[in-house]
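Colleague: Quick one, data_22.tsv (TSV, C-alpha atoms):
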chain	number	residue	atom	x	y	z
D	22	MET	CA	0.00	0.00	0.00
D	23	THR	CA	1.45	3.40	-0.99
D	24	ALA	CA	2.01	6.05	1.67
D	25	PRO	CA	-0.82	8.38	0.50
D	26	ARG	CA	-3.28	5.49	0.35
D	27	ARG	CA	-2.19	4.26	3.81
D	28	TRP	CA	-2.58	7.79	5.16
D	29	ARG	CA	-6.07	8.10	3.72
D	30	THR	CA	-7.07	4.71	5.12
D	31	MET	CA	-5.85	5.67	8.60
D	32	LEU	CA	-7.64	9.01	8.37
D	33	LEU	CA	-10.87	7.33	7.28
D	34	GLY	CA	-10.67	4.96	10.26
D	35	TRP	CA	-10.05	7.84	12.62
D	36	LEU	CA	-13.00	9.81	11.25
D	37	LEU	CA	-15.35	6.84	11.49
D	38	ALA	CA	-14.24	6.22	15.06
D	39	ALA	CA	-14.76	9.88	15.88
D	40	GLY	CA	-18.24	9.70	14.42
D	41	ALA	CA	-19.08	6.63	16.50
D	42	LEU	CA	-18.11	8.48	19.66
D	43	THR	CA	-20.81	11.07	19.04
D	44	GLY	CA	-23.28	8.60	20.58
D	45	GLY	CA	-26.18	9.42	18.29
D	46	CYS	CA	-25.73	13.18	18.30
D	47	HIS	CA	-26.17	14.13	14.65
D	48	ALA	CA	-24.59	17.60	14.62
D	49	PRO	CA	-21.00	16.56	15.47
D	50	LEU	CA	-21.21	13.83	12.82
D	51	LEU	CA	-21.78	16.37	10.07
D	52	LEU	CA	-18.19	17.57	10.25
D	53	PRO	CA	-16.52	14.23	9.46
D	54	LEU	CA	-19.08	13.47	6.74
D	55	ALA	CA	-18.49	16.83	5.07
D	56	PHE	CA	-14.76	16.29	5.39
D	57	LEU	CA	-15.06	12.87	3.74
D	58	GLU	CA	-16.95	14.45	0.83
D	59	LYS	CA	-14.00	16.76	0.23
D	60	MET	CA	-11.39	14.07	0.74
D	61	PHE	CA	-13.09	11.59	-1.61
D	62	PRO	CA	-15.08	13.65	-4.16
D	63	LYS	CA	-15.07	10.95	-6.84
D	64	ASP	CA	-16.63	7.51	-7.20
D	65	ARG	CA	-14.93	4.59	-8.93
D	66	VAL	CA	-16.89	3.28	-11.91
D	67	PRO	CA	-16.10	-0.30	-12.98
D	68	PRO	CA	-15.93	-1.21	-16.68
D	69	LYS	CA	-19.19	-2.14	-18.36
D	70	PHE	CA	-17.32	-4.68	-20.48
D	71	LYS	CA	-13.74	-5.93	-20.50
D	72	LEU	CA	-12.26	-6.15	-23.96
D	73	PRO	CA	-10.53	-9.48	-24.69
D	74	ALA	CA	-6.77	-9.08	-24.28
D	75	GLY	CA	-4.30	-8.84	-27.13
D	76	LYS	CA	-6.73	-7.76	-29.85
D	77	LYS	CA	-6.42	-5.29	-32.73
D	78	VAL	CA	-9.43	-2.99	-32.72
D	79	LEU	CA	-11.26	-0.91	-35.30
D	80	VAL	CA	-13.24	2.06	-33.97
D	81	PHE	CA	-16.09	2.51	-36.42
D	82	PRO	CA	-18.31	5.61	-35.95
D	83	ASP	CA	-21.23	5.32	-38.37
D	84	ASP	CA	-23.76	8.01	-39.25
D	85	MET	CA	-25.30	6.32	-42.30
D	86	LEU	CA	-28.80	6.39	-40.79
D	87	ARG	CA	-28.41	9.89	-39.32
D	88	PRO	CA	-25.89	11.85	-41.43
D	89	MET	CA	-23.94	14.37	-39.38
D	90	SER	CA	-23.87	18.05	-40.23
D	91	TYR	CA	-20.12	18.11	-39.54
D	92	PRO	CA	-18.56	14.77	-40.66
D	93	PRO	CA	-14.99	15.63	-39.48
D	94	ALA	CA	-16.23	15.04	-35.92
D	95	LYS	CA	-16.31	11.31	-36.74
D	96	ARG	CA	-12.58	11.42	-37.47
D	97	THR	CA	-11.85	13.19	-34.19
D	98	LEU	CA	-14.04	10.70	-32.32
D	99	ALA	CA	-12.27	7.68	-33.83
D	100	GLN	CA	-8.75	9.06	-33.54
D	101	ARG	CA	-9.21	10.14	-29.92
D	102	ALA	CA	-10.76	6.78	-29.03
D	103	ASN	CA	-7.87	4.97	-30.73
D	104	ALA	CA	-5.35	7.00	-28.74
D	105	LEU	CA	-7.14	6.33	-25.44
D	106	LEU	CA	-7.42	2.59	-26.11
D	107	VAL	CA	-3.66	2.41	-26.61
D	108	GLU	CA	-2.90	4.77	-23.72
D	109	LYS	CA	-5.00	2.67	-21.31
D	110	LYS	CA	-3.36	-0.53	-22.65
D	111	LEU	CA	-6.76	-1.99	-23.52
D	112	VAL	CA	-5.77	-3.23	-27.00
D	113	ALA	CA	-2.80	-4.66	-28.86
D	114	GLY	CA	-3.28	-2.10	-31.64
D	115	THR	CA	-5.83	-0.06	-33.55
D	116	VAL	CA	-6.79	0.36	-37.20
D	117	PRO	CA	-6.09	3.93	-38.41
D	118	TYR	CA	-9.26	5.84	-39.25
D	119	ASP	CA	-7.93	6.68	-42.73
D	120	ARG	CA	-7.99	2.99	-43.66
D	121	LEU	CA	-11.71	2.87	-42.81
D	122	ILE	CA	-12.35	5.94	-44.99
D	123	ASP	CA	-10.33	4.45	-47.87
D	124	LEU	CA	-12.38	1.25	-47.72
D	125	GLN	CA	-15.59	3.25	-47.64
D	126	HIS	CA	-14.56	5.12	-50.79
D	127	ASP	CA	-13.17	2.10	-52.66
D	128	ASP	CA	-15.81	-0.51	-51.86
D	129	VAL	CA	-19.06	0.20	-53.72
D	130	ASN	CA	-20.84	-2.28	-51.44
D	131	PHE	CA	-19.48	-0.78	-48.23
D	132	ASN	CA	-22.87	0.24	-46.84
D	133	ARG	CA	-24.16	-3.30	-47.38
D	134	ARG	CA	-21.30	-4.90	-45.47
D	135	SER	CA	-21.81	-6.18	-41.94
D	136	VAL	CA	-19.76	-4.61	-39.15
D	137	ALA	CA	-17.82	-7.87	-38.78
D	138	THR	CA	-17.03	-7.94	-42.52
D	139	VAL	CA	-15.69	-4.38	-42.45
D	140	GLY	CA	-13.50	-5.30	-39.49
D	141	ARG	CA	-12.15	-8.41	-41.22
D	142	LYS	CA	-11.32	-6.49	-44.39
D	143	LEU	CA	-9.27	-4.05	-42.34
D	144	GLY	CA	-7.41	-6.70	-40.36
D	145	ALA	CA	-9.10	-6.07	-37.03
D	146	ASP	CA	-9.99	-8.69	-34.42
D	147	LEU	CA	-12.70	-6.58	-32.81
D	148	VAL	CA	-14.83	-3.63	-33.87
D	149	ILE	CA	-16.06	-0.97	-31.47
D	150	TYR	CA	-19.06	0.19	-33.49
D	151	ILE	CA	-20.63	3.54	-32.62
D	152	SER	CA	-23.99	4.15	-34.23
D	153	ILE	CA	-24.53	7.92	-34.21
D	154	ASP	CA	-27.96	8.92	-32.88
D	155	GLU	CA	-27.56	12.67	-32.51
D	156	PHE	CA	-25.13	15.41	-33.41
D	157	ALA	CA	-26.02	19.07	-33.08
D	158	LEU	CA	-24.14	22.29	-32.51
D	159	LYS	CA	-27.14	24.62	-32.24
D	160	ASP	CA	-30.82	24.41	-31.44
D	161	SER	CA	-31.42	26.80	-34.35
D	162	PRO	CA	-29.11	27.43	-37.32
D	163	ALA	CA	-29.61	31.17	-36.96
D	164	GLY	CA	-28.12	33.30	-34.23
D	165	THR	CA	-25.04	32.97	-32.03
D	166	LEU	CA	-26.32	30.56	-29.38
D	167	TRP	CA	-24.57	27.19	-29.36
D	168	HIS	CA	-25.84	24.04	-27.68
D	169	GLY	CA	-23.64	21.05	-28.52
D	170	ARG	CA	-24.85	17.46	-28.25
D	171	PHE	CA	-23.29	14.22	-29.44
D	172	ALA	CA	-24.81	10.80	-28.78
D	173	GLY	CA	-24.72	7.25	-30.03
D	174	LYS	CA	-24.90	3.59	-29.11
D	175	VAL	CA	-21.88	1.32	-28.74
D	176	ARG	CA	-21.46	-2.34	-29.66
D	177	VAL	CA	-18.42	-4.61	-29.52
D	178	VAL	CA	-18.25	-7.09	-32.38
D	179	ASP	CA	-15.81	-9.96	-32.86
D	180	VAL	CA	-15.07	-10.26	-36.60
D	181	VAL	CA	-15.45	-14.05	-36.40
D	182	LYS	CA	-17.85	-14.72	-33.52
D	183	GLY	CA	-20.12	-11.70	-33.99
D	184	ARG	CA	-21.52	-9.49	-31.27
D	185	LEU	CA	-19.79	-9.72	-27.90
D	186	TRP	CA	-21.49	-6.88	-26.01
D	187	PRO	CA	-24.10	-5.78	-25.14
D	188	ASP	CA	-26.81	-8.40	-25.55
D	189	GLU	CA	-29.48	-6.19	-27.07
D	190	SER	CA	-29.27	-4.99	-30.66
D	191	ALA	CA	-29.46	-1.27	-29.95
D	192	GLY	CA	-26.13	-1.03	-28.13
D	193	PHE	CA	-25.03	0.81	-25.00
D	194	PRO	CA	-25.95	4.54	-25.02
D	195	VAL	CA	-23.31	7.23	-24.66
D	196	ARG	CA	-24.00	10.95	-24.72
D	197	VAL	CA	-22.28	14.28	-24.06
D	198	GLU	CA	-23.73	17.76	-24.00
D	199	GLU	CA	-22.32	21.24	-23.63
D	200	PRO	CA	-24.18	24.10	-21.92
D	201	ILE	CA	-25.78	26.79	-24.07
D	202	THR	CA	-23.12	29.35	-24.95
D	203	GLU	CA	-23.23	32.61	-26.90
D	204	ASN	CA	-20.33	33.09	-29.28
D	205	ALA	CA	-20.18	35.07	-32.52
D	206	SER	CA	-16.84	33.64	-33.69
D	207	GLU	CA	-16.90	31.95	-37.10
D	208	THR	CA	-14.56	29.22	-35.84
D	209	TYR	CA	-16.42	28.36	-32.65
D	210	GLY	CA	-18.48	25.64	-34.32
D	211	THR	CA	-15.31	23.75	-35.31
D	212	GLN	CA	-13.94	24.06	-31.77
D	213	LEU	CA	-17.22	22.88	-30.27
D	214	ALA	CA	-17.44	19.89	-32.62
D	215	ARG	CA	-13.91	18.80	-31.66
D	216	LYS	CA	-14.66	19.16	-27.95
D	217	LEU	CA	-17.83	17.08	-28.26
D	218	ALA	CA	-16.05	14.37	-30.25
D	219	GLU	CA	-13.18	14.14	-27.78
D	220	ARG	CA	-15.55	13.98	-24.84
D	221	LEU	CA	-17.65	11.29	-26.50
D	222	ALA	CA	-14.48	9.27	-27.21
D	223	GLU	CA	-13.70	9.39	-23.49
D	224	GLU	CA	-17.20	8.13	-22.72
D	225	VAL	CA	-16.85	5.29	-25.21
D	226	VAL	CA	-13.44	4.12	-23.96
D	227	GLY	CA	-14.61	4.61	-20.38
D	228	LEU	CA	-17.00	1.72	-20.93
D	229	PHE	CA	-14.01	-0.63	-21.05
D	230	HIS	CA	-11.90	0.39	-18.05
D	231	SER	CA	-12.44	1.47	-14.46
D	232	HIS	CA	-12.31	5.22	-13.90
D	233	TYR	CA	-13.43	7.91	-11.50
D	234	VAL	CA	-16.27	10.40	-11.88
D	235	ASP	CA	-17.54	13.23	-9.72
D	236	ARG	CA	-19.77	11.80	-7.01
D	237	HIS	CA	-22.64	14.14	-7.85
D	238	ARG	CA	-22.42	13.69	-11.61
D	239	PRO	CA	-25.61	12.15	-13.06
D	240	ARG	CA	-25.05	8.45	-13.78
D	241	ARG	CA	-25.55	7.04	-17.26
D	242	SER	CA	-28.70	4.96	-17.49
D	243	GLU	CA	-28.11	1.32	-18.30
D	244	PRO	CA	-29.95	-0.36	-21.15
D	245	ARG	CA	-31.81	-3.56	-20.43
D	246	GLY	CA	-29.59	-6.59	-20.56
D	247	ALA	CA	-26.29	-4.68	-20.20
D	248	GLN	CA	-23.73	-6.34	-17.96
Give the structure from the file, written as structure tokens.
Modeller:
Amino acid sequence: MTAPRRWRTMLLGWLLAAGALTGGCHAPLLLPLAFLEKMFPKDRVPPKFKLPAGKKVLVFPDDMLRPMSYPPAKRTLAQRANALLVEKKLVAGTVPYDRLIDLQHDDVNFNRRSVATVGRKLGADLVIYISIDEFALKDSPAGTLWHGRFAGKVRVVDVVKGRLWPDESAGFPVRVEEPITENASETYGTQLARKLAERLAEEVVGLFHSHYVDRHRPRRSEPRGAQ
């Protein structure tokens, strides 16, 4: 056990003991509870699914059913997710996004291919497929008010065995949203799209490793059948 962790454990024990000595008096107990909130402001979130070890992965964001108003956000989403998967040591390697785009341009039957087939053609073992449900930068195209949203559903597909996770066909929902902001800059839309894509990539990769979130952050709702 590292020194900081040992120190925190000892402090937690001391605070709990101090609380027990209050003998049912609620007011003195508020101090240690408030102190604990400040000492441990984050909760640990376990992975929703553990990716099989030693696999090469294709991140495949797909907006065929709901075309995005700003397609470059798909590139940012895939590239950021690829980088995080490698950084977190969750995969043996990733398929560059450009290879997916090349296949899409060169294969006239691309949109008829199954997710597993696309993955096989690109030499992947697994595909993290992200079906885009929503992408918006504004509530109204006019004006200078921005309200970014980016959402989709995630599936993990083995290129030989088929779907690995989750059980239901829709996939596991992921979503990010930015507060309404007023900005007249002509470049703000590009900046906002990149921020949304990078945040959504973090949400996607966060499904596959344990991480910490603010204790008071709203929890993502789980779809039926998710493990």
Colleague: Once you add 8 Å to each side, what are the centre and edge lengths of the axis-aligned box holding all listed atoms of region 65-80 of chain D? One decimal in Å, as lines of an AutoDock Vina configuration file, if you can.
Modeller:
center_x = -11.7
center_y = -2.4
center_z = -22.1
size_x = 30.9
size_y = 30.1
size_z = 42.4
Colleague: So, with all atoms listed in the file as the atoms that count, which of D:Leu72, D:Leu166, D:Val197, D:Leu79 lies closest to Lys110 (chain D)?
Modeller: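 So, comparing all the options, the nearest one is D:Leu72.
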Colleague: Have a look at CA of Glu224 (chain D) and CA of Ser135 (chain D) and let me know their distance in Å, one decimal.
Modeller: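 Separating CA of Glu224 (chain D) from CA of Ser135 (chain D) is a distance of 24.4 Å.
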Colleague: Any idea what the distance is between CA of Trp167 (chain D) and CA of Glu203 (chain D)?
Modeller: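 These atoms are spaced 6.1 Å apart.
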Colleague: Using all atoms listed in the file for the distances, tell me which of D:Leu86, D:Leu124, D:Ala191, D:Ala163 is nearest to Ala205 (chain D).
Modeller: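 Under the stated criterion, the closest residue is D:Ala163.
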Colleague: Smallest atom-to-atom distance to Phe131 (chain D): which of D:Ala145, D:Met85, D:Val116, D:Val226, using only C-alpha atoms?
Modeller: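 Among the listed residues, the smallest separation from Phe131 (chain D) belongs to D:Met85.
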Colleague: Using all atoms listed in the file, can you tell me which of D:Gly183, D:Asp146, D:Val112, D:Arg101 comes closest to Ala222 (chain D)?
Modeller: D:Arg101
Colleague: Dump as a ChimeraX atom specification all residues having an atom at most 12 Å from (-5.0, 1.5, -26.2), computed in the file's coordinates with all atoms listed in the file.
Modeller: /D:72,74-80,100-116,226-227,229-230
Colleague: Just checking: using all atoms listed in the file, which residue out of D:Trp186, D:Phe81, D:Phe70, D:Phe171 ends up closest to Gly140 (chain D)?
Modeller: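 That would be D:Phe81, the residue with the smallest distance to Gly140 (chain D).
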Colleague: Restricting the calculation to only C-alpha atoms, which member of D:Ile153, D:Val175, D:Leu158, D:Val234 is positioned closest to Leu217 (chain D)?
Modeller: D:Leu158
Colleague: Can you work out the spacing between CA of Arg65 (chain D) and CA of Thr97 (chain D) in Å, to one decimal?
Modeller: 26.9 Å
Colleague: Would you list the contacts of Gly210 (chain D) as a list of chain:residue names, taking every protein, DNA or RNA residue within 10 Å and counting only C-alpha atoms, but skipping same-chain residues closer than 3 positions in sequence?
Modeller: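 The residues that qualify are D:Tyr91, D:Leu158, D:Lys159, D:Trp167, D:Gly169, D:Asn204, D:Ala205, D:Ser206, D:Glu207, D:Leu213, D:Ala214, D:Arg215, D:Lys216.
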